file final.tsv (TSV, C-alpha atoms)
chain	number	residue	atom	x	y	z
A	1	MET	CA	-31.52	23.90	24.88
A	2	ALA	CA	-33.39	24.96	21.79
A	3	ARG	CA	-33.27	23.28	18.42
A	4	SER	CA	-29.60	23.99	17.90
A	5	VAL	CA	-28.68	21.39	15.33
A	6	GLU	CA	-27.85	24.12	12.86
A	7	THR	CA	-25.16	25.55	15.08
A	8	LEU	CA	-23.67	22.09	15.39
A	9	VAL	CA	-23.62	21.75	11.64
A	10	VAL	CA	-22.07	25.16	11.18
A	11	GLY	CA	-19.49	24.45	13.82
A	12	GLY	CA	-18.56	21.24	12.08
A	13	VAL	CA	-19.54	19.02	15.00
A	14	ILE	CA	-22.03	17.15	12.89
A	15	GLY	CA	-19.78	15.83	10.21
A	16	ASP	CA	-16.53	15.54	12.05
A	17	VAL	CA	-17.69	13.68	15.12
A	18	LEU	CA	-21.40	13.01	15.09
A	19	ASP	CA	-23.95	12.15	12.47
A	20	MET	CA	-27.03	14.19	11.78
A	21	PHE	CA	-29.60	13.64	14.50
A	22	THR	CA	-32.78	15.18	15.82
A	23	PRO	CA	-32.46	16.39	19.37
A	24	ALA	CA	-34.67	14.34	21.63
A	25	SER	CA	-33.47	15.45	25.02
A	26	GLU	CA	-32.05	18.50	26.61
A	27	PHE	CA	-29.21	18.85	29.01
A	28	ASN	CA	-27.38	21.68	30.68
A	29	VAL	CA	-23.66	21.79	31.08
A	30	GLN	CA	-22.22	24.24	33.52
A	31	TYR	CA	-18.64	25.02	34.44
A	32	GLY	CA	-18.90	26.80	37.76
A	33	SER	CA	-21.30	29.60	37.05
A	34	LYS	CA	-20.82	29.64	33.31
A	35	GLN	CA	-23.43	27.87	31.23
A	36	VAL	CA	-22.09	26.20	28.11
A	37	THR	CA	-23.76	27.27	24.88
A	38	ASN	CA	-22.75	26.13	21.42
A	39	GLY	CA	-19.52	27.72	20.38
A	40	CYS	CA	-18.89	29.68	23.54
A	41	ASN	CA	-15.38	30.25	24.78
A	42	ILE	CA	-14.25	28.63	28.01
A	43	LYS	CA	-10.81	28.93	29.48
A	44	PRO	CA	-8.92	25.74	30.30
A	45	SER	CA	-8.45	26.94	33.84
A	46	ALA	CA	-12.21	27.29	34.27
A	47	ALA	CA	-12.80	23.84	32.80
A	48	ALA	CA	-10.22	21.99	34.82
A	49	ASP	CA	-12.88	20.40	37.04
A	50	LYS	CA	-15.83	18.36	36.01
A	51	PRO	CA	-18.78	20.33	34.77
A	52	HIS	CA	-22.19	20.07	36.28
A	53	VAL	CA	-24.23	18.17	33.71
A	54	GLN	CA	-27.95	18.04	34.29
A	55	ILE	CA	-30.28	16.08	32.07
A	56	LEU	CA	-33.69	17.68	31.90
A	57	CYS	CA	-36.57	15.28	32.03
A	58	HIS	CA	-39.99	16.08	30.70
A	59	SER	CA	-41.70	12.90	31.72
A	60	ILE	CA	-41.12	10.32	34.36
A	61	SER	CA	-39.13	7.63	32.69
A	62	SER	CA	-36.31	5.41	33.61
A	63	ASN	CA	-34.05	6.02	30.70
A	64	LEU	CA	-30.35	5.87	31.20
A	65	TYR	CA	-27.94	8.03	29.33
A	66	THR	CA	-24.31	7.97	28.31
A	67	LEU	CA	-22.24	11.11	28.12
A	68	VAL	CA	-19.11	11.33	25.98
A	69	MET	CA	-16.73	14.28	25.84
A	70	VAL	CA	-14.21	14.41	23.01
A	71	ASP	CA	-11.88	16.88	21.37
A	72	PRO	CA	-11.73	16.47	17.59
A	73	ASP	CA	-8.97	19.01	17.08
A	74	ALA	CA	-6.12	17.31	18.88
A	75	PRO	CA	-3.29	18.25	18.77
A	76	SER	CA	-4.02	21.18	16.48
A	77	PRO	CA	-7.06	22.12	14.37
A	78	SER	CA	-4.91	22.42	11.26
A	79	GLU	CA	-3.55	18.90	11.73
A	80	PRO	CA	-5.87	16.79	13.83
A	81	ARG	CA	-3.77	13.68	13.84
A	82	LEU	CA	-5.16	12.43	17.14
A	83	ARG	CA	-8.80	13.02	16.27
A	84	GLU	CA	-10.65	12.50	18.53
A	85	TRP	CA	-9.12	12.86	21.96
A	86	LEU	CA	-11.29	11.33	24.62
A	87	HIS	CA	-11.85	13.35	27.73
A	88	TRP	CA	-14.73	11.76	29.66
A	89	ILE	CA	-17.24	8.95	29.51
A	90	VAL	CA	-20.07	8.53	32.00
A	91	VAL	CA	-22.65	5.78	31.62
A	92	ASP	CA	-25.91	4.93	33.33
A	93	ILE	CA	-26.99	8.47	34.10
A	94	PRO	CA	-30.62	8.40	35.16
A	95	GLU	CA	-32.91	10.83	33.50
A	96	GLY	CA	-33.49	14.05	35.35
A	97	HIS	CA	-30.29	13.77	37.30
A	98	ASP	CA	-26.79	14.96	36.88
A	99	ALA	CA	-23.68	13.18	35.78
A	100	THR	CA	-22.45	12.34	39.23
A	101	LYS	CA	-25.23	9.77	39.51
A	102	GLY	CA	-23.77	7.79	36.66
A	103	ARG	CA	-20.80	5.52	36.47
A	104	GLU	CA	-17.65	7.18	35.28
A	105	LEU	CA	-15.96	4.93	32.78
A	106	VAL	CA	-13.17	7.23	31.74
A	107	ALA	CA	-12.02	9.81	34.22
A	108	TYR	CA	-12.50	13.45	33.44
A	109	VAL	CA	-9.54	15.32	32.01
A	110	GLY	CA	-9.90	19.02	31.46
A	111	PRO	CA	-9.15	20.76	28.17
A	112	GLN	CA	-5.45	21.29	27.55
A	113	PRO	CA	-5.21	22.59	24.01
A	114	PRO	CA	-1.52	22.85	23.09
A	115	THR	CA	-2.03	25.06	20.07
A	116	GLY	CA	-4.91	26.68	18.29
A	117	ILE	CA	-8.58	26.85	19.23
A	118	HIS	CA	-10.08	23.44	19.96
A	119	ARG	CA	-13.68	22.35	20.04
A	120	TYR	CA	-14.84	20.22	22.94
A	121	ILE	CA	-17.99	18.24	22.24
A	122	LEU	CA	-20.29	16.73	24.83
A	123	ALA	CA	-22.63	14.21	23.29
A	124	LEU	CA	-25.49	12.49	25.06
A	125	PHE	CA	-26.72	9.06	24.00
A	126	LYS	CA	-29.75	7.17	25.24
A	127	GLN	CA	-29.05	3.67	26.43
A	128	GLU	CA	-31.32	0.71	25.82
A	129	GLY	CA	-30.76	-0.71	29.23
A	130	ALA	CA	-28.26	-0.63	32.02
A	131	MET	CA	-24.75	-1.32	30.90
A	132	GLU	CA	-23.38	-3.61	33.48
A	133	GLY	CA	-20.33	-5.27	32.15
A	134	ARG	CA	-20.76	-5.00	28.43
A	135	ILE	CA	-18.75	-1.88	28.17
A	136	GLN	CA	-15.06	-1.78	28.79
A	137	ALA	CA	-13.05	1.24	29.72
A	138	THR	CA	-10.35	2.18	27.29
A	139	ASP	CA	-7.21	3.72	28.59
A	140	VAL	CA	-6.07	4.97	25.20
A	141	ARG	CA	-7.57	8.37	24.70
A	142	ALA	CA	-6.12	9.27	21.32
A	143	ASN	CA	-7.83	8.41	18.03
A	144	PHE	CA	-11.11	7.71	19.71
A	145	SER	CA	-14.15	7.40	17.50
A	146	THR	CA	-17.50	8.39	18.94
A	147	ARG	CA	-19.32	6.76	16.05
A	148	ARG	CA	-17.55	3.47	16.58
A	149	PHE	CA	-18.19	3.65	20.30
A	150	ALA	CA	-21.89	4.28	19.78
A	151	GLU	CA	-22.14	1.50	17.25
A	152	ARG	CA	-20.30	-1.00	19.37
A	153	ASN	CA	-22.49	-0.37	22.39
A	154	ARG	CA	-25.72	-0.04	20.41
A	155	LEU	CA	-26.30	3.54	21.41
A	156	GLY	CA	-27.49	4.75	18.04
A	157	LEU	CA	-27.62	8.41	17.20
A	158	PRO	CA	-27.05	10.96	19.92
A	159	VAL	CA	-30.04	12.64	21.49
A	160	ALA	CA	-28.31	15.88	22.42
A	161	ALA	CA	-24.98	17.57	21.92
A	162	VAL	CA	-23.23	20.78	22.82
A	163	TYR	CA	-19.78	22.07	22.12
A	164	PHE	CA	-17.54	24.86	23.30
A	165	ASN	CA	-14.23	26.34	22.22
A	166	SER	CA	-11.11	26.60	24.25
A	167	GLN	CA	-7.62	27.80	23.62
A	168	LYS	CA	-4.41	27.91	25.53
A	169	GLU	CA	-4.18	30.82	27.89
A	170	PRO	CA	-1.07	32.91	27.56
A	171	ALA	CA	1.41	32.04	30.27
A	172	VAL	CA	2.30	35.61	31.07
A	173	LYS	CA	-0.58	37.84	32.06
A	174	LYS	CA	-1.10	40.77	29.72
A	175	ARG	CA	-0.25	44.03	31.38
B	1	MET	CA	-20.87	76.19	-34.20
B	2	ALA	CA	-22.35	77.60	-37.27
B	3	ILE	CA	-22.09	81.29	-37.55
B	4	PRO	CA	-25.12	82.46	-39.32
B	5	ILE	CA	-25.11	85.32	-41.65
B	6	PRO	CA	-26.15	88.30	-39.67
B	7	MET	CA	-29.48	89.75	-40.44
B	8	ALA	CA	-29.99	93.25	-41.33
B	9	THR	CA	-31.38	93.93	-37.94
B	10	GLY	CA	-28.01	93.76	-36.44
B	11	CYS	CA	-25.57	91.34	-35.13
B	12	ARG	CA	-27.53	88.77	-33.30
B	13	SER	CA	-26.26	85.46	-32.02
B	14	SER	CA	-26.93	82.12	-33.57
B	15	SER	CA	-30.45	80.94	-33.87
B	16	ARG	CA	-29.85	77.43	-32.60
B	17	TRP	CA	-32.73	77.30	-30.23
B	18	SER	CA	-36.27	77.33	-31.13
B	19	MET	CA	-37.75	79.97	-28.95
B	20	VAL	CA	-37.28	82.60	-31.49
B	21	SER	CA	-40.20	84.59	-30.37
B	22	LEU	CA	-38.92	84.90	-26.84
B	23	LYS	CA	-35.52	85.70	-28.09
B	24	SER	CA	-36.79	88.45	-30.17
B	25	ALA	CA	-38.21	90.13	-27.15
B	26	LEU	CA	-34.91	90.24	-25.40
B	27	PRO	CA	-31.96	92.41	-26.11
B	28	PRO	CA	-29.34	90.64	-28.08
B	29	LEU	CA	-26.59	88.77	-26.28
B	30	THR	CA	-23.56	90.75	-25.41
B	31	SER	CA	-19.95	89.77	-25.51
B	32	ALA	CA	-20.47	86.97	-22.97
B	33	ALA	CA	-21.65	84.83	-25.80
B	34	SER	CA	-19.09	82.73	-27.54
B	35	SER	CA	-19.68	83.86	-30.98
B	36	ILE	CA	-17.86	86.08	-33.27
B	37	LYS	CA	-19.61	89.09	-34.36
B	38	LEU	CA	-19.34	89.39	-38.02
B	39	PRO	CA	-18.94	92.69	-39.54
B	40	CYS	CA	-22.11	94.17	-40.84
B	41	ARG	CA	-23.04	94.13	-44.39
B	42	HIS	CA	-22.85	97.80	-44.78
B	43	ARG	CA	-19.28	98.21	-44.10
B	44	THR	CA	-17.28	101.23	-44.67
B	45	PRO	CA	-13.75	100.16	-45.21
B	46	PRO	CA	-11.86	103.15	-44.02
B	47	ARG	CA	-13.85	103.44	-40.85
B	48	ILE	CA	-12.38	101.84	-37.89
B	49	ARG	CA	-14.48	98.96	-37.08
B	50	SER	CA	-15.99	98.63	-33.75
B	51	PRO	CA	-13.84	96.33	-31.76
B	52	GLN	CA	-14.46	92.85	-32.85
B	53	LEU	CA	-15.83	90.55	-30.26
B	54	VAL	CA	-13.44	87.71	-29.99
B	55	ARG	CA	-14.58	84.36	-28.96
B	56	SER	CA	-14.06	84.83	-25.33
B	57	PHE	CA	-13.42	82.26	-22.74
B	58	SER	CA	-16.89	81.54	-21.64
B	59	SER	CA	-16.66	78.13	-20.23
B	60	LEU	CA	-17.57	79.13	-16.76
B	61	SER	CA	-20.75	80.84	-17.73
B	62	LEU	CA	-23.79	79.47	-19.36
B	63	VAL	CA	-23.85	79.42	-23.08
B	64	ASN	CA	-27.34	80.62	-23.00
B	65	PRO	CA	-28.26	82.47	-19.82
B	66	LEU	CA	-31.86	81.70	-20.62
B	67	HIS	CA	-31.18	78.11	-19.59
B	68	SER	CA	-30.85	79.16	-16.03
B	69	LEU	CA	-34.43	80.23	-16.16
B	70	GLY	CA	-35.44	76.74	-16.94
B	71	PHE	CA	-37.38	77.60	-20.03
B	72	SER	CA	-35.23	75.84	-22.51
B	73	ASP	CA	-36.56	72.75	-24.09
B	74	MET	CA	-33.17	71.39	-24.93
B	75	SER	CA	-31.61	68.89	-22.62
B	76	SER	CA	-29.78	70.96	-20.11
B	77	PHE	CA	-27.24	68.33	-19.10
B	78	GLY	CA	-24.98	68.74	-22.05
B	79	GLU	CA	-25.45	72.46	-22.08
B	80	ASN	CA	-24.51	73.26	-18.54
B	81	PHE	CA	-21.24	71.35	-18.52
B	82	THR	CA	-19.63	73.14	-21.27
B	83	ILE	CA	-16.00	72.73	-21.73
B	84	ILE	CA	-14.17	71.44	-18.70
B	85	ASP	CA	-14.82	67.74	-18.97
B	86	ASN	CA	-11.67	65.66	-18.98
B	87	GLY	CA	-13.51	62.32	-18.83
B	88	CYS	CA	-12.63	61.23	-15.28
B	89	ARG	CA	-14.86	58.70	-13.55
B	90	PHE	CA	-14.99	60.06	-10.07
B	91	TYR	CA	-17.96	59.39	-7.88
B	92	ALA	CA	-18.80	60.72	-4.50
B	93	MET	CA	-20.05	57.28	-3.34
B	94	ARG	CA	-18.42	53.85	-2.98
B	95	HIS	CA	-20.59	52.13	-5.58
B	96	GLY	CA	-19.10	48.90	-6.90
B	97	ARG	CA	-15.79	48.99	-5.04
B	98	ARG	CA	-15.12	45.58	-3.59
B	99	VAL	CA	-11.68	45.78	-2.04
B	100	PRO	CA	-11.94	45.86	1.77
B	101	LYS	CA	-9.75	48.60	3.11
B	102	LEU	CA	-9.69	47.47	6.76
B	103	ASN	CA	-8.97	51.03	7.93
B	104	ARG	CA	-5.34	50.76	6.96
B	105	PRO	CA	-3.02	52.09	4.29
B	106	PRO	CA	-2.21	49.62	1.53
B	107	ASP	CA	1.12	48.40	2.85
B	108	GLN	CA	-0.23	47.72	6.31
B	109	ARG	CA	-3.30	46.09	4.84
B	110	ARG	CA	-1.19	43.69	2.85
B	111	ALA	CA	0.93	42.91	5.88
B	112	LEU	CA	-2.17	42.29	8.01
B	113	LEU	CA	-3.64	39.90	5.47
B	114	ARG	CA	-0.36	38.07	5.09
B	115	GLY	CA	-0.11	37.69	8.84
B	116	LEU	CA	-3.69	36.46	9.14
B	117	THR	CA	-3.30	33.86	6.42
B	118	THR	CA	-0.04	32.67	7.95
B	119	GLN	CA	-1.66	32.27	11.35
B	120	LEU	CA	-4.76	30.61	9.99
B	121	LEU	CA	-2.70	28.08	8.06
B	122	LYS	CA	-0.61	27.49	11.13
B	123	HIS	CA	-3.35	27.09	13.70
B	124	GLY	CA	-6.29	25.95	11.65
B	125	ARG	CA	-8.76	28.14	13.45
B	126	ILE	CA	-8.42	31.72	14.58
B	127	LYS	CA	-10.68	34.26	16.16
B	128	THR	CA	-10.70	37.71	14.66
B	129	THR	CA	-13.07	40.47	13.64
B	130	ARG	CA	-15.69	39.72	11.03
B	131	ALA	CA	-14.39	42.16	8.47
B	132	ARG	CA	-10.89	40.70	8.66
B	133	ALA	CA	-12.21	37.16	8.52
B	134	SER	CA	-14.19	37.81	5.40
B	135	ALA	CA	-11.25	39.68	3.85
B	136	VAL	CA	-8.78	36.90	4.47
B	137	ARG	CA	-10.88	34.20	2.79
B	138	LYS	CA	-9.70	35.26	-0.62
B	139	TYR	CA	-6.03	34.96	0.29
B	140	ILE	CA	-6.47	31.57	1.93
B	141	ASP	CA	-8.17	30.28	-1.18
B	142	LYS	CA	-5.32	31.63	-3.26
B	143	MET	CA	-2.71	29.90	-1.11
B	144	ILE	CA	-4.52	26.60	-1.18
B	145	THR	CA	-4.92	26.85	-4.93
B	146	LEU	CA	-1.19	27.46	-5.27
B	147	ALA	CA	-0.55	24.43	-3.13
B	148	LYS	CA	-2.89	22.33	-5.21
B	149	ASP	CA	-0.85	23.15	-8.27
B	150	GLY	CA	2.34	22.18	-6.51
B	151	SER	CA	4.96	23.28	-8.98
B	152	LEU	CA	8.17	25.01	-8.00
B	153	HIS	CA	7.06	28.37	-9.31
B	154	LYS	CA	3.88	28.22	-7.28
B	155	ARG	CA	5.82	27.17	-4.23
B	156	ARG	CA	8.05	30.19	-4.58
B	157	GLN	CA	5.04	32.42	-5.03
B	158	ALA	CA	3.59	31.03	-1.81
B	159	LEU	CA	6.91	31.54	-0.05
B	160	GLY	CA	6.76	35.17	-1.06
B	161	PHE	CA	3.44	35.64	0.62
B	162	ILE	CA	3.45	33.52	3.75
B	163	TYR	CA	5.77	34.59	6.47
B	164	GLU	CA	6.98	31.16	7.63
B	165	LYS	CA	8.69	28.64	5.38
B	166	GLN	CA	7.65	25.60	7.38
B	167	ILE	CA	4.02	26.40	6.92
B	168	VAL	CA	4.40	26.61	3.16
B	169	HIS	CA	6.15	23.26	3.00
B	170	ALA	CA	3.60	21.64	5.27
B	171	LEU	CA	0.80	23.15	3.20
B	172	PHE	CA	2.19	21.85	-0.08
B	173	ALA	CA	2.58	18.44	1.49
B	174	GLU	CA	-0.90	17.99	2.86
B	175	VAL	CA	-3.21	19.96	0.57
B	176	PRO	CA	-3.58	17.29	-2.17
B	177	ASP	CA	-4.94	14.78	0.36
B	178	ARG	CA	-7.04	17.17	2.30
B	179	TYR	CA	-8.53	19.37	-0.41
B	180	GLY	CA	-8.03	17.27	-3.51
B	181	ASP	CA	-11.74	16.81	-4.12
B	182	ARG	CA	-12.98	20.12	-2.89
B	183	ASN	CA	-13.34	22.95	-5.39
B	184	GLY	CA	-13.03	26.20	-3.56
B	185	GLY	CA	-14.59	27.21	-0.27
B	186	TYR	CA	-11.77	26.06	1.93
B	187	THR	CA	-12.78	28.17	4.91
B	188	ARG	CA	-15.73	28.50	7.18
B	189	ILE	CA	-16.68	31.57	9.17
B	190	ILE	CA	-18.66	31.29	12.38
B	191	ARG	CA	-19.86	34.50	13.91
B	192	THR	CA	-19.56	34.84	17.63
B	193	LEU	CA	-20.03	37.23	20.49
B	194	PRO	CA	-18.61	40.73	20.23
B	195	ARG	CA	-15.32	41.63	21.83
B	196	ARG	CA	-15.60	43.11	25.25
B	197	GLY	CA	-13.18	46.05	24.86
B	198	ASP	CA	-14.74	47.74	21.86
B	199	ASN	CA	-17.81	45.66	20.98
B	200	ALA	CA	-16.26	44.66	17.68
B	201	PRO	CA	-18.18	41.83	16.00
B	202	MET	CA	-15.98	38.75	16.13
B	203	ALA	CA	-15.86	35.55	14.14
B	204	TYR	CA	-13.99	32.30	14.08
B	205	ILE	CA	-12.51	31.44	10.75
B	206	GLU	CA	-11.36	27.90	10.23
B	207	LEU	CA	-10.10	25.68	7.49
B	208	VAL	CA	-12.88	23.41	6.44
call {"tool": "encode", "arguments": {"input": "final.tsv", "output": "structure tokens"}}
result
Amino acid sequence: MARSVETLVVGGVIGDVLDMFTPASEFNVQYGSKQVTNGCNIKPSAAADKPHVQILCHSISSNLYTLVMVDPDAPSPSEPRLREWLHWIVVDIPEGHDATKGRELVAYVGPQPPTGIHRYILALFKQEGAMEGRIQATDVRANFSTRRFAERNRLGLPVAAVYFNSQKEPAVKKR
Amino acid sequence: MAIPIPMATGCRSSSRWSMVSLKSALPPLTSAASSIKLPCRHRTPPRIRSPQLVRSFSSLSLVNPLHSLGFSDMSSFGENFTIIDNGCRFYAMRHGRRVPKLNRPPDQRRALLRGLTTQLLKHGRIKTTRARASAVRKYIDKMITLAKDGSLHKRRQALGFIYEKQIVHALFAEVPDRYGDRNGGYTRIIRTLPRRGDNAPMAYIELV
């Protein structure tokens, strides 16, 4: 993924959820055959299953990564009372591999936007070392704070991020 | 127009222009000219005068046909547009017109913009065409400014514009907290991929 910090700023990701960072890594997120680019539209039905997240490695290193997926526009973008809604946390992802190699802390829940167009942000953090027992899984998904999570687990600024939009599909198919 | 005293050489038209020498080579102007021919000096009262040339309606012809030749040294702009100028400002181009028409008659346009602002205030983020998104910014800013004021009159003005009452009441309730510090610029437009059906350029517009 190219230097796409500007699109994150324009989309409000940096500001609402993340702080300004310089991208240090790259990762691909794929729902089925559809590659996620910043601001693209993905249907909830297509995103019901876990995406294929692949961290690209440029050099042989043994870094471990943490992936966090949140929705800052819950329940509605005009009134985000439950900002942010946690969807997925995976820790200890080895570099160069995909997310299934990590440890899933919070199970994946697909996007279910009740009203409006929601942003879904996937942020990647670099870990200092393996997180064995220091991290605890939260079962409360509402009012999650990515910044607080990163600070509490000494993850620092994210190294990569991507976001996509999703909105509720109409129940009745258009004729 | 000053009517000069006719010379003895006959009834010639006014000598306003300076190319007297050229003029003298030409036959004198006929009744197309807008000048009254004065009776000659040597008049014989009982004789029936030659029919007087009345100031004819000459607005559709050149005052001086010589101008069409391009020889005149006077500015031809004021000369060629003689009499029919009622002062209307009517251009063939769109210069300086800033109201977006959105390909609709005025009543439909107003209804479209009202609907778009209602939906944007309701959902917080909508996806629409770029022209509509940039046209609706103004009305969103107006509504949020009304809500910032907060008085009853402004509330009723907002109720007259937005289609749903609940949205107006919710707006007036939350705008002071949300936009109290911000001066203007309450929306953000993010351009996105074109629509598949007609390749229309699309954009997300959201409340900041």
call {"tool": "closest_residue", "arguments": {"input": "final.tsv", "among": "B:Arg104, B:Arg182, B:Cys88, B:Gln119", "to": "Gly116 in chain A", "atoms": "all atoms listed in the file"}}
result
B:Gln119
call {"tool": "interface_residues", "arguments": {"input": "final.tsv", "of": "chain B", "to": "chain A", "cutoff": "12 Å", "atoms": "all atoms listed in the file", "output": "VMD selection string"}}
result
chain B and resid 118 to 128 167 170 to 171 173 to 175 178 187 to 195 203 to 208
call {"tool": "write_last_selection", "arguments": {"input": "final.tsv", "atoms": "C-alpha atoms", "output": "PDB file, in the frame of the given file"}}
result
ATOM      1  CA  THR B 118      -0.040  32.670   7.950  1.00  0.00           C
ATOM      2  CA  GLN B 119      -1.660  32.270  11.350  1.00  0.00           C
ATOM      3  CA  LEU B 120      -4.760  30.610   9.990  1.00  0.00           C
ATOM      4  CA  LEU B 121      -2.700  28.080   8.060  1.00  0.00           C
ATOM      5  CA  LYS B 122      -0.610  27.490  11.130  1.00  0.00           C
ATOM      6  CA  HIS B 123      -3.350  27.090  13.700  1.00  0.00           C
ATOM      7  CA  GLY B 124      -6.290  25.950  11.650  1.00  0.00           C
ATOM      8  CA  ARG B 125      -8.760  28.140  13.450  1.00  0.00           C
ATOM      9  CA  ILE B 126      -8.420  31.720  14.580  1.00  0.00           C
ATOM     10  CA  LYS B 127     -10.680  34.260  16.160  1.00  0.00           C
ATOM     11  CA  THR B 128     -10.700  37.710  14.660  1.00  0.00           C
ATOM     12  CA  ILE B 167       4.020  26.400   6.920  1.00  0.00           C
ATOM     13  CA  ALA B 170       3.600  21.640   5.270  1.00  0.00           C
ATOM     14  CA  LEU B 171       0.800  23.150   3.200  1.00  0.00           C
ATOM     15  CA  ALA B 173       2.580  18.440   1.490  1.00  0.00           C
ATOM     16  CA  GLU B 174      -0.900  17.990   2.860  1.00  0.00           C
ATOM     17  CA  VAL B 175      -3.210  19.960   0.570  1.00  0.00           C
ATOM     18  CA  ARG B 178      -7.040  17.170   2.300  1.00  0.00           C
ATOM     19  CA  THR B 187     -12.780  28.170   4.910  1.00  0.00           C
ATOM     20  CA  ARG B 188     -15.730  28.500   7.180  1.00  0.00           C
ATOM     21  CA  ILE B 189     -16.680  31.570   9.170  1.00  0.00           C
ATOM     22  CA  ILE B 190     -18.660  31.290  12.380  1.00  0.00           C
ATOM     23  CA  ARG B 191     -19.860  34.500  13.910  1.00  0.00           C
ATOM     24  CA  THR B 192     -19.560  34.840  17.630  1.00  0.00           C
ATOM     25  CA  LEU B 193     -20.030  37.230  20.490  1.00  0.00           C
ATOM     26  CA  PRO B 194     -18.610  40.730  20.230  1.00  0.00           C
ATOM     27  CA  ARG B 195     -15.320  41.630  21.830  1.00  0.00           C
ATOM     28  CA  ALA B 203     -15.860  35.550  14.140  1.00  0.00           C
ATOM     29  CA  TYR B 204     -13.990  32.300  14.080  1.00  0.00           C
ATOM     30  CA  ILE B 205     -12.510  31.440  10.750  1.00  0.00           C
ATOM     31  CA  GLU B 206     -11.360  27.900  10.230  1.00  0.00           C
ATOM     32  CA  LEU B 207     -10.100  25.680   7.490  1.00  0.00           C
ATOM     33  CA  VAL B 208     -12.880  23.410   6.440  1.00  0.00           C
TER      34      VAL B 208
END
call {"tool": "atom_distance", "arguments": {"input": "final.tsv", "atom1": "CA of Val162 in chain A", "atom2": "CA of Trp88 in chain A"}}
result
14.2 Å
call {"tool": "axis_aligned_box", "arguments": {"input": "final.tsv", "around": "range 115-133 of chain A", "padding_each_side": "6 Å", "output": "lines of an AutoDock Vina configuration file"}}
result
center_x = -16.7
center_y = 10.8
center_z = 25.9
size_x = 41.3
size_y = 44.1
size_z = 27.2
call {"tool": "closest_residue", "arguments": {"input": "final.tsv", "among": "A:Leu18, A:Met131, A:Ile89, A:Ala142", "to": "Asn63 in chain A", "atoms": "all atoms listed in the file"}}
result
A:Met131
call {"tool": "closest_residue", "arguments": {"input": "final.tsv", "among": "A:Ile42, A:Val17, A:Ile121, A:Leu64", "to": "Asp92 in chain A", "atoms": "all atoms listed in the file"}}
result
A:Leu64
call {"tool": "atom_distance", "arguments": {"input": "final.tsv", "atom1": "CA of Asp177 in chain B", "atom2": "CA of Phe149 in chain A"}}
result
26.4 Å
call {"tool": "decode", "arguments": {"input": "final.tsv", "residues": "range 48-57 of chain A", "atoms": "N, CA, C and O atoms", "output": "compact mmCIF listing (two decimals), in the first residue's frame"}}
result
# COMPACT_ATOMS: atom_id res chain seq x y z
N ALA A 48 -18.90 -10.70 5.88
CA ALA A 48 -19.38 -11.45 7.04
C ALA A 48 -18.29 -12.36 7.59
O ALA A 48 -18.24 -12.61 8.80
N ASP A 49 -17.41 -12.87 6.74
CA ASP A 49 -16.34 -13.75 7.18
C ASP A 49 -15.07 -12.95 7.35
O ASP A 49 -14.91 -11.87 6.82
N LYS A 50 -14.14 -13.57 8.04
CA LYS A 50 -12.87 -12.91 8.27
C LYS A 50 -12.17 -12.58 6.97
O LYS A 50 -12.15 -13.41 6.06
N PRO A 51 -11.53 -11.43 6.91
CA PRO A 51 -10.77 -11.16 5.69
C PRO A 51 -9.43 -11.87 5.75
O PRO A 51 -8.98 -12.32 6.80
N HIS A 52 -8.82 -11.92 4.60
CA HIS A 52 -7.48 -12.47 4.50
C HIS A 52 -6.51 -11.32 4.65
O HIS A 52 -6.42 -10.46 3.77
N VAL A 53 -5.81 -11.26 5.78
CA VAL A 53 -4.91 -10.15 6.06
C VAL A 53 -3.49 -10.68 5.93
O VAL A 53 -3.10 -11.61 6.63
N GLN A 54 -2.74 -10.07 5.05
CA GLN A 54 -1.37 -10.52 4.82
C GLN A 54 -0.43 -9.36 5.09
O GLN A 54 -0.57 -8.30 4.47
N ILE A 55 0.51 -9.59 5.98
CA ILE A 55 1.49 -8.54 6.26
C ILE A 55 2.68 -8.77 5.35
O ILE A 55 3.26 -9.87 5.33
N LEU A 56 3.05 -7.73 4.63
CA LEU A 56 4.16 -7.87 3.68
C LEU A 56 5.46 -7.60 4.40
O LEU A 56 5.59 -6.61 5.11
N CYS A 57 6.41 -8.46 4.23
CA CYS A 57 7.68 -8.24 4.90
C CYS A 57 8.74 -7.95 3.87
O CYS A 57 8.79 -8.57 2.81
